>>> print(open('coords14.txt').read())   # compact mmCIF, C-alpha atoms
# COMPACT_ATOMS: atom_id res chain seq x y z
CA MET A 21 0.41 -13.11 9.44
CA GLU A 22 0.35 -14.30 5.82
CA HIS A 23 0.29 -11.95 2.87
CA GLU A 24 -2.90 -13.52 1.43
CA LYS A 25 -4.77 -12.93 4.68
CA ILE A 26 -3.72 -9.27 4.80
CA ILE A 27 -4.81 -8.80 1.15
CA GLU A 28 -8.19 -10.30 2.01
CA LEU A 29 -8.64 -8.03 5.07
CA ILE A 30 -7.63 -4.89 3.15
CA SER A 31 -10.01 -5.72 0.30
CA ALA A 32 -12.97 -6.42 2.58
CA ALA A 33 -12.39 -3.26 4.64
CA ALA A 34 -11.96 -1.02 1.58
CA TYR A 35 -15.08 -2.38 -0.15
CA GLU A 36 -17.14 -1.89 3.00
CA VAL A 37 -15.91 1.59 3.94
CA PHE A 38 -16.15 2.98 0.39
CA ASP A 39 -19.59 1.49 -0.11
CA THR A 40 -21.01 2.59 3.27
CA MET A 41 -19.34 6.00 3.55
CA LEU A 42 -19.12 7.14 -0.07
CA GLY A 43 -21.57 4.97 -1.97
CA ILE A 44 -18.65 3.94 -4.19
CA GLU A 45 -18.25 0.40 -5.45
CA LEU A 46 -14.50 -0.05 -5.82
CA THR A 47 -13.05 -2.37 -8.47
CA ARG A 48 -10.00 -4.36 -7.41
CA VAL A 49 -7.56 -4.50 -10.31
CA SER A 50 -4.54 -6.25 -8.78
CA THR A 51 -2.81 -7.28 -5.58
CA GLY A 52 0.86 -7.70 -4.84
CA ALA A 53 3.63 -8.27 -2.36
CA GLU A 54 5.81 -5.21 -2.94
CA THR A 55 9.41 -5.35 -1.87
CA THR A 56 10.52 -2.16 -3.61
CA SER A 57 10.96 -0.03 -0.59
CA SER A 58 10.90 3.44 -2.11
CA ASP A 59 9.02 4.96 -4.97
CA ALA A 60 8.68 8.27 -6.67
CA CYS A 61 5.19 9.41 -5.71
CA ASP A 62 2.79 11.95 -7.15
CA GLY A 63 -0.43 12.90 -5.45
CA VAL A 64 -1.63 12.12 -1.97
CA VAL A 65 -0.18 9.45 0.31
CA SER A 66 -1.27 8.84 3.89
CA PHE A 67 0.34 6.73 6.59
CA ILE A 68 -0.99 5.31 9.82
CA GLY A 69 1.05 3.33 12.34
CA LEU A 70 0.08 -0.04 13.81
CA ALA A 71 1.75 -1.03 17.06
CA GLY A 72 1.54 -3.90 19.51
CA ALA A 73 3.20 -7.31 19.63
CA TRP A 74 3.23 -6.81 15.86
CA ALA A 75 4.04 -3.39 14.39
CA GLY A 76 3.80 -1.86 10.97
CA THR A 77 2.25 0.79 8.79
CA GLY A 78 -0.90 1.16 6.72
CA SER A 79 -1.01 3.47 3.73
CA LEU A 80 -3.38 4.90 1.13
CA SER A 81 -2.10 6.38 -2.15
CA CYS A 82 -4.13 8.08 -4.85
CA SER A 83 -3.93 10.89 -7.39
CA ALA A 84 -4.80 14.45 -6.41
CA THR A 85 -7.82 14.20 -8.74
CA LEU A 86 -9.20 11.16 -6.96
CA ALA A 87 -8.48 12.62 -3.51
CA CYS A 88 -10.66 15.60 -4.47
CA GLN A 89 -13.42 13.36 -5.88
CA LEU A 90 -13.52 11.21 -2.73
CA SER A 91 -13.64 14.33 -0.54
CA GLU A 92 -16.57 15.67 -2.56
CA ARG A 93 -18.50 12.45 -1.95
CA MET A 94 -17.55 12.38 1.71
CA LEU A 95 -18.03 16.02 2.64
CA MET A 96 -20.76 17.03 0.14
CA SER A 97 -18.79 20.03 -1.04
CA GLU A 98 -16.68 20.95 -4.09
CA TYR A 99 -12.91 20.59 -4.07
CA PRO A 100 -11.30 21.77 -7.31
CA ALA A 101 -7.83 21.35 -5.75
CA VAL A 102 -6.18 19.59 -2.81
CA ASN A 103 -6.58 21.63 0.36
CA GLU A 104 -6.60 20.97 4.11
CA GLU A 105 -10.09 19.48 4.04
CA VAL A 106 -9.13 17.08 1.28
CA LEU A 107 -6.09 15.94 3.28
CA ASP A 108 -8.31 15.48 6.35
CA ALA A 109 -10.77 13.41 4.32
CA VAL A 110 -7.97 11.16 3.02
CA ALA A 111 -6.67 10.80 6.59
CA GLU A 112 -10.13 9.82 7.78
CA LEU A 113 -10.58 7.24 5.00
CA THR A 114 -7.18 5.77 5.89
CA ASN A 115 -8.11 5.66 9.55
CA MET A 116 -11.38 3.89 8.80
CA VAL A 117 -10.05 1.28 6.37
CA ILE A 118 -6.82 0.48 8.22
CA GLY A 119 -8.62 0.65 11.57
CA ASN A 120 -11.02 -1.93 10.23
CA VAL A 121 -8.11 -4.14 9.07
CA LYS A 122 -6.52 -3.73 12.50
CA SER A 123 -9.71 -4.82 14.30
CA GLU A 124 -9.80 -8.01 12.23
CA MET A 125 -6.08 -8.66 12.70
CA GLU A 126 -6.45 -8.42 16.47
CA ASN A 127 -8.41 -11.69 16.46
CA GLN A 128 -5.20 -13.40 15.42
CA LEU A 129 -2.43 -11.12 16.71
CA GLY A 130 -3.81 -9.70 19.94
CA PRO A 131 -4.42 -6.00 20.74
CA MET A 132 -2.79 -3.42 18.49
CA GLY A 133 -2.92 0.34 18.66
CA LEU A 134 -3.52 2.69 15.75
CA SER A 135 -1.54 5.92 15.57
CA VAL A 136 -2.72 9.27 14.24
CA PRO A 137 -2.70 9.38 10.43
CA THR A 138 -0.28 11.62 8.53
CA VAL A 139 -0.94 12.78 4.98
CA VAL A 140 1.64 13.88 2.42
CA TYR A 141 0.80 15.74 -0.78
CA GLY A 142 3.25 16.70 -3.49
CA ARG A 143 4.81 15.91 -6.83
CA ASN A 144 7.73 13.60 -7.37
CA PHE A 145 8.50 12.91 -3.73
CA THR A 146 9.95 9.70 -2.32
CA ALA A 147 8.26 7.80 0.49
CA LYS A 148 9.82 4.72 2.01
CA SER A 149 9.33 2.42 4.94
CA ILE A 150 12.21 0.43 6.39
CA SER A 151 13.93 -1.88 3.93
CA HIS A 152 13.21 -5.37 5.11
CA LEU A 153 9.45 -5.22 5.20
CA THR A 154 7.22 -6.36 2.37
CA TRP A 155 4.04 -4.39 1.70
CA SER A 156 0.82 -6.22 0.94
CA ALA A 157 -0.78 -3.98 -1.67
CA VAL A 158 -4.28 -3.89 -3.10
CA HIS A 159 -4.79 -1.74 -6.19
CA PHE A 160 -8.31 -0.49 -6.86
CA GLU A 161 -9.79 1.58 -9.64
CA HIS A 162 -12.53 4.18 -9.54
CA GLU A 163 -13.59 6.05 -12.68
CA GLY A 164 -10.23 5.50 -14.32
CA GLU A 165 -8.17 6.62 -11.32
CA ARG A 166 -6.00 4.27 -9.23
CA LEU A 167 -6.20 3.91 -5.47
CA VAL A 168 -3.81 1.70 -3.51
CA PHE A 169 -4.02 0.48 0.06
CA ARG A 170 -0.85 -1.05 1.52
CA VAL A 171 -0.04 -2.68 4.85
CA CYS A 172 3.33 -3.89 6.14
CA LEU A 173 3.57 -5.73 9.42
CA ALA A 174 6.23 -7.57 11.38
CA PRO A 175 6.43 -9.11 14.83
CA CYS A 176 8.34 -7.08 17.40
CA ASN A 177 10.96 -9.21 19.08
CA GLN A 178 10.98 -7.10 22.19
CA PRO A 179 7.97 -4.82 21.99
CA GLN A 180 8.53 -3.16 25.35
CA ALA A 181 12.34 -3.20 25.33
CA THR A 182 14.00 0.08 26.19
CA ILE A 183 16.22 1.45 23.46
CA ARG A 184 18.15 3.80 25.70
CA HIS A 185 21.10 1.44 25.90
CA GLY A 186 22.00 -0.78 22.99
CA PHE A 187 19.68 1.17 20.70
CA GLN A 188 17.26 -1.40 19.43
CA SER A 189 17.10 -0.51 15.76
CA PRO A 190 14.23 -1.02 13.33
CA TYR A 191 16.42 -3.65 11.67
CA SER A 192 16.17 -5.92 14.67
CA MET A 193 12.59 -6.67 13.66
CA THR A 194 12.10 -9.89 11.73
CA LEU A 195 9.44 -10.91 9.26
CA MET B 1 0.67 14.74 29.09
CA GLU B 2 1.79 18.38 29.27
CA HIS B 3 3.60 20.12 26.45
CA GLU B 4 6.54 21.12 28.68
CA LYS B 5 7.12 17.51 29.72
CA ILE B 6 7.12 16.32 26.10
CA ILE B 7 9.59 19.07 25.15
CA GLU B 8 11.85 17.96 28.00
CA LEU B 9 11.68 14.29 26.95
CA ILE B 10 12.36 15.08 23.27
CA SER B 11 15.33 17.28 24.18
CA ALA B 12 16.89 14.71 26.52
CA ALA B 13 16.44 11.87 24.03
CA ALA B 14 17.83 13.86 21.09
CA TYR B 15 20.89 15.04 23.04
CA GLU B 16 21.65 11.50 24.20
CA VAL B 17 21.13 9.71 20.88
CA PHE B 18 23.07 12.26 18.83
CA ASP B 19 25.91 12.33 21.33
CA THR B 20 26.14 8.54 21.76
CA MET B 21 25.49 7.46 18.17
CA LEU B 22 26.98 10.29 16.13
CA GLY B 23 29.30 12.14 18.50
CA ILE B 24 27.30 15.28 17.73
CA GLU B 25 26.47 17.86 20.38
CA LEU B 26 23.17 19.36 19.27
CA THR B 27 22.28 22.97 20.07
CA ARG B 28 18.67 23.60 20.96
CA VAL B 29 17.55 26.89 19.42
CA SER B 30 13.84 26.99 20.20
CA THR B 31 10.80 25.03 21.29
CA GLY B 32 7.16 25.51 20.46
CA ALA B 33 3.59 24.27 20.53
CA GLU B 34 2.73 24.23 16.85
CA THR B 35 -0.90 24.31 15.88
CA THR B 36 -0.36 24.93 12.17
CA SER B 37 -1.33 21.56 10.92
CA SER B 38 0.18 21.58 7.45
CA ASP B 39 3.37 23.04 6.06
CA ALA B 40 5.20 23.23 2.80
CA CYS B 41 8.23 21.02 3.36
CA ASP B 42 11.60 20.70 1.67
CA GLY B 43 14.05 17.97 2.49
CA VAL B 44 13.60 14.86 4.56
CA VAL B 45 10.72 14.22 6.98
CA SER B 46 10.14 10.99 8.85
CA PHE B 47 7.12 9.82 10.82
CA ILE B 48 6.69 7.13 13.43
CA GLY B 49 3.40 6.19 15.07
CA LEU B 50 2.78 5.89 18.81
CA ALA B 51 -0.20 3.83 19.89
CA GLY B 52 -1.71 2.66 23.15
CA ALA B 53 -4.14 4.28 25.57
CA TRP B 54 -2.59 7.46 24.14
CA ALA B 55 -1.83 7.70 20.42
CA GLY B 56 0.12 10.10 18.27
CA THR B 57 3.01 10.64 15.93
CA GLY B 58 6.69 11.46 16.27
CA SER B 59 8.53 13.22 13.48
CA LEU B 60 12.01 14.35 12.44
CA SER B 61 12.52 17.04 9.79
CA CYS B 62 15.79 18.25 8.35
CA SER B 63 17.35 19.50 5.14
CA ALA B 64 18.71 17.08 2.56
CA THR B 65 22.20 18.40 3.33
CA LEU B 66 21.93 17.61 7.01
CA ALA B 67 20.36 14.19 6.34
CA CYS B 68 23.46 13.32 4.28
CA GLN B 69 25.83 14.66 6.95
CA LEU B 70 24.14 12.67 9.70
CA SER B 71 24.24 9.52 7.56
CA GLU B 72 27.96 10.00 6.97
CA ARG B 73 28.56 10.15 10.72
CA MET B 74 26.31 7.19 11.35
CA LEU B 75 27.36 4.87 8.55
CA MET B 76 30.99 5.96 8.05
CA SER B 77 30.52 6.42 4.32
CA GLU B 78 30.06 9.34 1.91
CA TYR B 79 26.63 10.49 0.80
CA PRO B 80 26.76 13.36 -1.70
CA ALA B 81 22.99 13.06 -2.23
CA VAL B 82 19.94 11.56 -0.53
CA ASN B 83 19.62 7.88 -1.39
CA GLU B 84 18.01 4.80 0.18
CA GLU B 85 20.72 4.48 2.82
CA VAL B 86 20.29 8.10 3.88
CA LEU B 87 16.53 7.58 4.25
CA ASP B 88 17.21 4.42 6.29
CA ALA B 89 19.61 6.34 8.54
CA VAL B 90 17.03 9.09 9.13
CA ALA B 91 14.40 6.42 9.88
CA GLU B 92 16.76 4.81 12.37
CA LEU B 93 17.52 8.11 14.12
CA THR B 94 13.77 8.80 14.36
CA ASN B 95 13.18 5.33 15.76
CA MET B 96 15.87 5.79 18.38
CA VAL B 97 14.93 9.28 19.57
CA ILE B 98 11.14 8.81 19.51
CA GLY B 99 11.52 5.28 20.91
CA ASN B 100 13.46 6.78 23.78
CA VAL B 101 10.74 9.42 24.33
CA LYS B 102 8.12 6.66 24.24
CA SER B 103 9.96 4.62 26.89
CA GLU B 104 9.99 7.61 29.22
CA MET B 105 6.34 8.44 28.51
CA GLU B 106 5.30 4.91 29.41
CA ASN B 107 6.16 5.63 33.04
CA GLN B 108 3.25 8.05 33.10
CA LEU B 109 0.92 6.80 30.36
CA GLY B 110 1.30 3.02 30.42
CA PRO B 111 2.54 0.77 27.61
CA MET B 112 2.64 2.23 24.12
CA GLY B 113 3.69 0.64 20.86
CA LEU B 114 5.96 2.17 18.25
CA SER B 115 5.14 1.67 14.57
CA VAL B 116 7.61 1.25 11.73
CA PRO B 117 9.06 4.62 10.62
CA THR B 118 8.23 6.10 7.23
CA VAL B 119 10.49 8.63 5.52
CA VAL B 120 9.48 11.17 2.89
CA TYR B 121 11.94 13.07 0.71
CA GLY B 122 11.06 15.77 -1.76
CA ARG B 123 10.73 19.44 -2.54
CA ASN B 124 7.73 21.57 -1.74
CA PHE B 125 5.48 18.81 -0.48
CA THR B 126 2.81 19.17 2.19
CA ALA B 127 2.74 16.95 5.25
CA LYS B 128 -0.04 17.19 7.79
CA SER B 129 -1.35 15.30 10.77
CA ILE B 130 -4.98 15.52 11.83
CA SER B 131 -6.22 19.01 12.59
CA HIS B 132 -6.95 19.09 16.27
CA LEU B 133 -3.60 17.98 17.61
CA THR B 134 -0.85 20.31 18.73
CA TRP B 135 2.74 19.32 18.01
CA SER B 136 5.38 19.82 20.67
CA ALA B 137 8.40 20.85 18.60
CA VAL B 138 12.06 21.16 19.49
CA HIS B 139 14.29 22.97 16.96
CA PHE B 140 17.98 22.12 17.02
CA GLU B 141 20.90 23.42 15.02
CA HIS B 142 23.98 21.60 13.78
CA GLU B 143 26.62 23.41 11.71
CA GLY B 144 24.14 25.99 10.50
CA GLU B 145 21.47 23.45 9.50
CA ARG B 146 18.11 23.07 11.28
CA LEU B 147 16.76 19.80 12.66
CA VAL B 148 13.30 19.55 14.24
CA PHE B 149 11.78 16.78 16.34
CA ARG B 150 8.01 16.92 16.86
CA VAL B 151 5.60 14.80 18.87
CA CYS B 152 1.80 15.01 18.98
CA LEU B 153 -0.15 12.86 21.38
CA ALA B 154 -3.76 12.51 22.52
CA PRO B 155 -5.66 10.07 24.69
CA CYS B 156 -7.78 7.56 22.80
CA ASN B 157 -11.33 7.57 24.09
CA GLN B 158 -12.01 4.02 23.03
CA PRO B 159 -8.65 2.55 22.09
CA GLN B 160 -9.96 -0.91 21.27
CA ALA B 161 -13.35 0.13 19.85
CA THR B 162 -14.26 -1.36 16.53
CA ILE B 163 -14.82 1.16 13.78
CA ARG B 164 -16.76 -1.18 11.53
CA HIS B 165 -20.07 0.32 12.59
CA GLY B 166 -20.34 3.98 13.47
CA PHE B 167 -16.88 4.66 12.03
CA GLN B 168 -14.90 6.07 14.90
CA SER B 169 -13.13 8.95 13.20
CA PRO B 170 -9.78 10.48 14.10
CA TYR B 171 -11.75 13.53 15.20
CA SER B 172 -13.28 11.63 18.08
CA MET B 173 -9.93 11.88 19.83
CA THR B 174 -9.66 14.68 22.35
CA LEU B 175 -6.67 16.55 23.69
>>> encode(input="coords14.txt", output="structure tokens")
Amino acid sequence: MEHEKIIELISAAAYEVFDTMLGIELTRVSTGAETTSSDACDGVVSFIGLAGAWAGTGSLSCSATLACQLSERMLMSEYPAVNEEVLDAVAELTNMVIGNVKSEMENQLGPMGLSVPTVVYGRNFTAKSISHLTWSAVHFEHEGERLVFRVCLAPCNQPQATIRHGFQSPYSMTL
Amino acid sequence: MEHEKIIELISAAAYEVFDTMLGIELTRVSTGAETTSSDACDGVVSFIGLAGAWAGTGSLSCSATLACQLSERMLMSEYPAVNEEVLDAVAELTNMVIGNVKSEMENQLGPMGLSVPTVVYGRNFTAKSISHLTWSAVHFEHEGERLVFRVCLAPCNQPQATIRHGFQSPYSMTL
């Protein structure tokens, strides 16, 4: 699936979910094909797995400040700092936007499953996916804070192959 | 799928992969059903998504020291500190062990896909999966360092349901 198509699907899903769920009109500031595989991160990052004949990962990154603001809009409560509920809200937003992207992708790629989201919060941590995949990234802005959705996706050569013998490695996937 | 069965599958897969790939005989020190959904983490944590009629996450956690030691055994090179290659090695170990668990689970649960692994490295970060899932955890020891594999898994009520309208949330999954 081409990078431009993924960018388009991410953008449409993010606009729709943020508008419908939070009443927020996101502003897209840039898009990119990111090959840098690891980054020092600050704030909140969530991951959700996509798996089927194609497999990959979807991700949402934002500052702690924005994570709290989004949670306030979503849960109608005040969050002065990141807590469990804020992490749950970020997980749910990730699930909705990437789930929406997945549904659209299935028209072209066939059925895919969505895993349970995981959320990481900290300062100066490193998060990386496997080296050979390129992330399609869409950077948004809301009230001066950045929000980035990313998706990486690659066809599985042997999606149902056992890895007990021969140990099919993540590197055997091709773009 | 019962907790005890998952513990058994994780243990068998970890023993086999570490023995075959690294020549390391792991010692299992404890197992548990962990309901604490978030934890302060130090070191290296990887995540890999499982998706199908059942969906969940597999995870490997270990200290930075042990991540470097495992990489040295795996890649026949010296790693005095965590770098990209160490994170790749941890991702590959996660892929192999959880992929092996997945293959065994498929006998009971039907086909599941495995997402691309993600690895996080840092100090004092928080990593959480969604609230209502219980992790089956197996704690191993190698030369005084701890290594933990975890798997959480739940049936999807409507695995292929669109979430564009009505926004199927992660909370609609049941154990």
>>> residues_around(input="coords14.txt", residues="Leu75 in chain B", least_positions_apart="3", cutoff="9 Å", atoms="only C-alpha atoms", output="PyMOL selection string")
chain B and resi 70-72+78+85+89
>>> closest_atom_pairs(input="coords14.txt", of="chain B", to="chain A", cutoff="6 Å", atoms="only C-alpha atoms", output="CSV")
residue,atom,partner,partner_atom,distance
B:Gly49,CA,A:Gly69,CA,4.6
B:Leu50,CA,A:Ser135,CA,5.4
B:Ala51,CA,A:Gly133,CA,4.6
B:Gly52,CA,A:Gly133,CA,5.2
B:Ala55,CA,A:Ser135,CA,5.2
B:Gly56,CA,A:Val136,CA,5.0
B:Asn100,CA,A:Arg184,CA,5.9
B:Gly113,CA,A:Ala71,CA,4.6
B:Leu114,CA,A:Ala71,CA,5.4
B:Ser115,CA,A:Gly69,CA,4.9
B:Val116,CA,A:Gly76,CA,5.0
B:Thr118,CA,A:Ser149,CA,4.5
B:Val119,CA,A:Lys148,CA,5.3
B:Val120,CA,A:Ala147,CA,4.3
B:Tyr121,CA,A:Thr146,CA,4.9
B:Gly122,CA,A:Phe145,CA,4.3
B:Phe125,CA,A:Gly142,CA,4.3
B:Thr126,CA,A:Tyr141,CA,5.0
B:Ala127,CA,A:Val140,CA,4.3
B:Lys128,CA,A:Val139,CA,5.3
B:Ser129,CA,A:Thr138,CA,4.4
B:Arg164,CA,A:Asn120,CA,5.9
>>> closest_residue(input="coords14.txt", among="A:Tyr35, A:Phe160, A:Tyr99, A:Trp155", to="Thr47 in chain A", atoms="only C-alpha atoms")
A:Phe160
>>> closest_residue(input="coords14.txt", among="B:Met74, B:Phe149, B:Ala137, B:Ile10", to="Leu22 in chain B", atoms="all atoms listed in the file")
B:Met74
>>> axis_aligned_box(input="coords14.txt", around="range 14-25 of chain B", padding_each_side="3 Å", output="JSON")
{"center_x": 23.6, "center_y": 12.7, "center_z": 20.2, "size_x": 17.5, "size_y": 16.4, "size_z": 14.1}
>>> atom_distance(input="coords14.txt", atom1="CA of His23 in chain A", atom2="CA of His159 in chain A")
14.6 Å
>>> atom_distance(input="coords14.txt", atom1="CA of Glu141 in chain B", atom2="CA of Arg28 in chain B")
6.3 Å
